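final00.pdb (PDB, C-alpha atoms, pLDDT in the B column)
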```pdb
ATOM      1  CA  MET A  47     -10.375 -18.063 -13.997  1.00 67.00           C
ATOM      2  CA  ILE A  48     -10.481 -15.221 -11.464  1.00 76.00           C
ATOM      3  CA  MET A  49      -7.948 -15.165  -8.656  1.00 84.00           C
ATOM      4  CA  GLU A  50      -6.682 -12.820  -5.982  1.00 91.00           C
ATOM      5  CA  ILE A  51      -3.034 -12.043  -5.362  1.00 94.00           C
ATOM      6  CA  LYS A  52      -1.969 -10.513  -2.042  1.00 94.00           C
ATOM      7  CA  ALA A  53       1.059  -8.573  -0.844  1.00 95.00           C
ATOM      8  CA  HIS A  54       1.682  -7.141   2.626  1.00 97.00           C
ATOM      9  CA  LEU A  55       3.839  -4.354   3.981  1.00 96.00           C
ATOM     10  CA  LYS A  56       4.057  -4.353   7.751  1.00 97.00           C
ATOM     11  CA  TYR A  57       5.522  -1.866  10.219  1.00 97.00           C
ATOM     12  CA  PHE A  58       5.852   0.936   7.646  1.00 97.00           C
ATOM     13  CA  ARG A  59       6.988   3.915   9.707  1.00 97.00           C
ATOM     14  CA  MET A  60       4.382   6.423   8.578  1.00 97.00           C
ATOM     15  CA  SER A  61       1.004   7.396   9.930  1.00 97.00           C
ATOM     16  CA  PRO A  62      -1.889   5.403   8.404  1.00 97.00           C
ATOM     17  CA  ARG A  63      -3.763   8.639   7.793  1.00 96.00           C
ATOM     18  CA  LYS A  64      -0.998   9.881   5.488  1.00 96.00           C
ATOM     19  CA  VAL A  65      -0.593   6.517   3.739  1.00 97.00           C
ATOM     20  CA  ARG A  66      -4.333   6.332   2.986  1.00 96.00           C
ATOM     21  CA  LEU A  67      -4.060   9.550   0.948  1.00 96.00           C
ATOM     22  CA  ALA A  68      -1.717   7.768  -1.462  1.00 95.00           C
ATOM     23  CA  ALA A  69      -3.566   4.439  -1.269  1.00 96.00           C
ATOM     24  CA  ASP A  70      -6.891   5.963  -2.327  1.00 96.00           C
ATOM     25  CA  VAL A  71      -5.300   7.138  -5.588  1.00 95.00           C
ATOM     26  CA  ILE A  72      -4.689   3.588  -6.892  1.00 95.00           C
ATOM     27  CA  LYS A  73      -7.845   1.853  -5.639  1.00 95.00           C
ATOM     28  CA  GLY A  74      -9.714   0.195  -8.520  1.00 93.00           C
ATOM     29  CA  LYS A  75      -7.112   0.998 -11.185  1.00 95.00           C
ATOM     30  CA  SER A  76      -5.282  -1.473 -13.374  1.00 95.00           C
ATOM     31  CA  ALA A  77      -1.764  -2.420 -12.262  1.00 95.00           C
ATOM     32  CA  GLU A  78      -0.203  -0.330 -15.044  1.00 95.00           C
ATOM     33  CA  GLU A  79      -2.336   2.747 -14.294  1.00 95.00           C
ATOM     34  CA  ALA A  80      -1.605   2.431 -10.569  1.00 96.00           C
ATOM     35  CA  ASP A  81       2.140   2.203 -11.237  1.00 95.00           C
ATOM     36  CA  ALA A  82       2.010   5.328 -13.404  1.00 96.00           C
ATOM     37  CA  ALA A  83      -0.098   7.214 -10.852  1.00 96.00           C
ATOM     38  CA  LEU A  84       2.317   6.400  -8.020  1.00 96.00           C
ATOM     39  CA  SER A  85       5.281   7.521 -10.129  1.00 96.00           C
ATOM     40  CA  PHE A  86       3.910  11.067 -10.289  1.00 96.00           C
ATOM     41  CA  LEU A  87       2.364  11.288  -6.833  1.00 95.00           C
ATOM     42  CA  GLN A  88       4.133  13.766  -4.551  1.00 96.00           C
ATOM     43  CA  LYS A  89       3.739  11.791  -1.314  1.00 95.00           C
ATOM     44  CA  ARG A  90       6.427   9.940   0.646  1.00 96.00           C
ATOM     45  CA  ALA A  91       4.191   6.866   0.916  1.00 96.00           C
ATOM     46  CA  ALA A  92       3.995   6.604  -2.892  1.00 96.00           C
ATOM     47  CA  SER A  93       7.442   4.988  -3.223  1.00 96.00           C
ATOM     48  CA  ALA A  94       6.603   2.302  -0.633  1.00 96.00           C
ATOM     49  CA  LEU A  95       3.227   1.613  -2.271  1.00 96.00           C
ATOM     50  CA  LYS A  96       4.890   1.364  -5.677  1.00 96.00           C
ATOM     51  CA  LYS A  97       7.349  -1.190  -4.312  1.00 96.00           C
ATOM     52  CA  LEU A  98       4.457  -3.143  -2.756  1.00 97.00           C
ATOM     53  CA  LEU A  99       2.558  -3.074  -6.064  1.00 96.00           C
ATOM     54  CA  LYS A 100       5.615  -4.411  -7.916  1.00 96.00           C
ATOM     55  CA  SER A 101       5.902  -7.179  -5.318  1.00 95.00           C
ATOM     56  CA  ALA A 102       2.263  -8.172  -5.817  1.00 95.00           C
ATOM     57  CA  VAL A 103       2.699  -8.210  -9.609  1.00 95.00           C
ATOM     58  CA  ALA A 104       5.826 -10.354  -9.209  1.00 95.00           C
ATOM     59  CA  ASN A 105       3.856 -12.727  -6.944  1.00 94.00           C
ATOM     60  CA  ALA A 106       1.171 -13.032  -9.626  1.00 94.00           C
ATOM     61  CA  LYS A 107       3.691 -13.740 -12.364  1.00 94.00           C
ATOM     62  CA  HIS A 108       5.757 -16.238 -10.360  1.00 94.00           C
ATOM     63  CA  ASN A 109       3.011 -18.098  -8.509  1.00 93.00           C
ATOM     64  CA  PHE A 110       0.117 -18.009 -10.979  1.00 91.00           C
ATOM     65  CA  SER A 111       1.697 -17.091 -14.371  1.00 91.00           C
ATOM     66  CA  VAL A 112      -0.576 -14.048 -14.694  1.00 91.00           C
ATOM     67  CA  GLU A 113       0.660 -11.135 -16.785  1.00 91.00           C
ATOM     68  CA  ARG A 114       0.667  -7.556 -15.517  1.00 92.00           C
ATOM     69  CA  GLU A 115      -1.831  -6.400 -18.159  1.00 92.00           C
ATOM     70  CA  ASN A 116      -4.516  -8.700 -16.698  1.00 92.00           C
ATOM     71  CA  LEU A 117      -4.359  -7.347 -13.134  1.00 94.00           C
ATOM     72  CA  PHE A 118      -6.124  -4.544 -11.308  1.00 95.00           C
ATOM     73  CA  VAL A 119      -6.114  -3.298  -7.705  1.00 95.00           C
ATOM     74  CA  LYS A 120      -9.165  -4.883  -6.097  1.00 95.00           C
ATOM     75  CA  SER A 121      -8.534  -3.379  -2.676  1.00 96.00           C
ATOM     76  CA  ILE A 122      -5.851  -1.759  -0.608  1.00 96.00           C
ATOM     77  CA  ARG A 123      -6.202  -1.621   3.155  1.00 97.00           C
ATOM     78  CA  VAL A 124      -4.109   0.532   5.481  1.00 97.00           C
ATOM     79  CA  ASP A 125      -4.340  -0.407   9.145  1.00 97.00           C
ATOM     80  CA  GLN A 126      -2.633   1.033  12.166  1.00 97.00           C
ATOM     81  CA  GLY A 127       0.483  -0.730  13.423  1.00 97.00           C
ATOM     82  CA  PRO A 128       2.160  -0.301  16.782  1.00 97.00           C
ATOM     83  CA  ALA A 129       3.156   3.214  17.810  1.00 97.00           C
ATOM     84  CA  LEU A 130       6.517   4.134  19.290  1.00 97.00           C
ATOM     85  CA  LYS A 131       5.929   6.217  22.408  1.00 97.00           C
ATOM     86  CA  ARG A 132       8.260   9.132  23.047  1.00 97.00           C
ATOM     87  CA  PHE A 133       8.113  12.200  25.279  1.00 97.00           C
ATOM     88  CA  MET A 134       9.004  15.832  24.676  1.00 97.00           C
ATOM     89  CA  PRO A 135       9.934  18.045  27.606  1.00 97.00           C
ATOM     90  CA  ARG A 136       7.731  21.123  27.963  1.00 96.00           C
ATOM     91  CA  ALA A 137       7.484  24.130  30.242  1.00 96.00           C
ATOM     92  CA  ARG A 138       7.416  23.771  34.057  1.00 95.00           C
ATOM     93  CA  GLY A 139       8.863  20.240  34.022  1.00 95.00           C
ATOM     94  CA  ILE A 140       5.933  18.717  32.139  1.00 97.00           C
ATOM     95  CA  ALA A 141       6.412  16.045  29.453  1.00 97.00           C
ATOM     96  CA  SER A 142       4.107  15.743  26.432  1.00 97.00           C
ATOM     97  CA  PRO A 143       3.621  12.366  24.745  1.00 97.00           C
ATOM     98  CA  ILE A 144       4.629  11.867  21.113  1.00 97.00           C
ATOM     99  CA  ARG A 145       3.326   8.842  19.214  1.00 97.00           C
ATOM    100  CA  LYS A 146       5.395   7.824  16.199  1.00 97.00           C
ATOM    101  CA  ARG A 147       2.817   5.785  14.319  1.00 97.00           C
ATOM    102  CA  SER A 148       3.311   2.899  11.918  1.00 97.00           C
ATOM    103  CA  SER A 149       1.118   1.238   9.285  1.00 97.00           C
ATOM    104  CA  HIS A 150       0.268  -2.227   8.042  1.00 98.00           C
ATOM    105  CA  ILE A 151      -0.689  -2.248   4.344  1.00 97.00           C
ATOM    106  CA  GLU A 152      -2.441  -5.091   2.503  1.00 97.00           C
ATOM    107  CA  LEU A 153      -2.742  -4.930  -1.286  1.00 96.00           C
ATOM    108  CA  ILE A 154      -5.029  -7.318  -3.172  1.00 96.00           C
ATOM    109  CA  LEU A 155      -4.800  -7.642  -6.941  1.00 96.00           C
ATOM    110  CA  LYS A 156      -7.432  -9.439  -8.976  1.00 95.00           C
ATOM    111  CA  THR A 157      -7.380 -10.763 -12.534  1.00 93.00           C
ATOM    112  CA  LYS A 158      -9.670  -9.173 -15.091  1.00 85.00           C
ATOM    113  CA  ASN A 159     -12.416 -11.222 -16.678  1.00 73.00           C
ATOM    114  CA  GLN A 160     -10.959 -12.509 -19.936  1.00 63.00           C
ATOM    115  CA  LYS A 161     -13.476 -13.164 -22.687  1.00 55.00           C
ATOM    116  CA  PRO A 162     -12.620 -16.257 -24.727  1.00 51.00           C
ATOM    117  CA  LYS A 163     -11.690 -15.491 -28.333  1.00 52.00           C
TER     118      LYS A 163
END
```
Translate this file's structure into structure tokens.
Amino acid sequence: MIMEIKAHLKYFRMSPRKVRLAADVIKGKSAEEADAALSFLQKRAASALKKLLKSAVANAKHNFSVERENLFVKSIRVDQGPALKRFMPRARGIASPIRKRSSHIELILKTKNQKPK
């Protein structure tokens, strides 16, 4: 039986471009490999992605009784959330816009094909 388990992280206050750098590291890996990779990744987004991965694994265990060893990261999608708009004063009375971007992250885990013994 193959199933998909989802977890979402919305309004994460970091640019999607920066989050995708960390997200691409775990794409296609098993849940255990992804957890280990995020532990050693030197990006600020890695801690949030690790927490999201643990949430998805907990969802799988609680809702479907699937063990962590049988899961892998099928896909991870990082979309742009709303941006906070700020302004910085510049020379000659001009104001420059600053966009403080946010991200929406969707993580989908899938069970591995188990061969009957």
Would you mind listing what lies within 10 Å of range 82-84 of chain A as a list in words, with only C-alpha atoms counted and same-chain residues fewer than 5 positions away left out?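 Result of the neighbour search: Ala68, Ala69, Val71, Ile72, Lys75, Ser76, Ala77, Lys89, Ala91, Ala92, Ser93, Ala94, Leu95, Lys96, Lys97 and Leu99 of chain A.
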Hey, what's within 6 Å of range 102-116 of chain A if we count only C-alpha atoms and toss same-chain stuff fewer than 6 positions away? As a ChimeraX atom specification, please? /A:53,157-158
With the PyMOL selection byres ((chain A and resi 145) around 7) as the selection, what would be picked from this file? Answer as an NGL selection string, please. :A and (129-132 or 143-144 or 146-147)
Show me the residues close to (-0.6, 7.6, 5.4) - anything with an atom within 12 Å, counting only C-alpha atoms - and format the list as number ranges by chain. A: 58-71, 89-92, 94-95, 123-127, 147-151
I'd like the interatomic distance between CA of Tyr57 in chain A and CA of Pro135 in chain A, to a tenth of an Å. 26.8 Å
Given all atoms listed in the file as the basis, pick out the residue of A:Leu117, A:Glu50, A:Arg138, A:Glu152 nearest to Asp81 in chain A. A:Leu117
As lines of an AutoDock Vina configuration file, what would the box around range 70-86 of chain A look like: edges along x, y and z, 8 Å added on every side, centre and edge lengths in Å to one decimal?
```
center_x = -2.2
center_y = 4.3
center_z = -8.7
size_x = 31.0
size_y = 29.5
size_z = 28.7
```
A:Ile48, A:Leu153, A:Leu87, A:Leu55 ranked by distance to Val119 in chain A, top pick (using all atoms listed in the file): A:Leu153
Straight-line distance linking CA of Ile122 in chain A with CA of Ile154 in chain A, stated in Å to one decimal: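 Answer for the CA of Ile122 in chain A to CA of Ile154 in chain A separation: 6.2 Å.
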What does the structure give for the distance between CA of Met49 in chain A and CA of Phe86 in chain A, in Å to one decimal?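 According to the coordinates, CA of Met49 in chain A and CA of Phe86 in chain A are separated by 28.8 Å.
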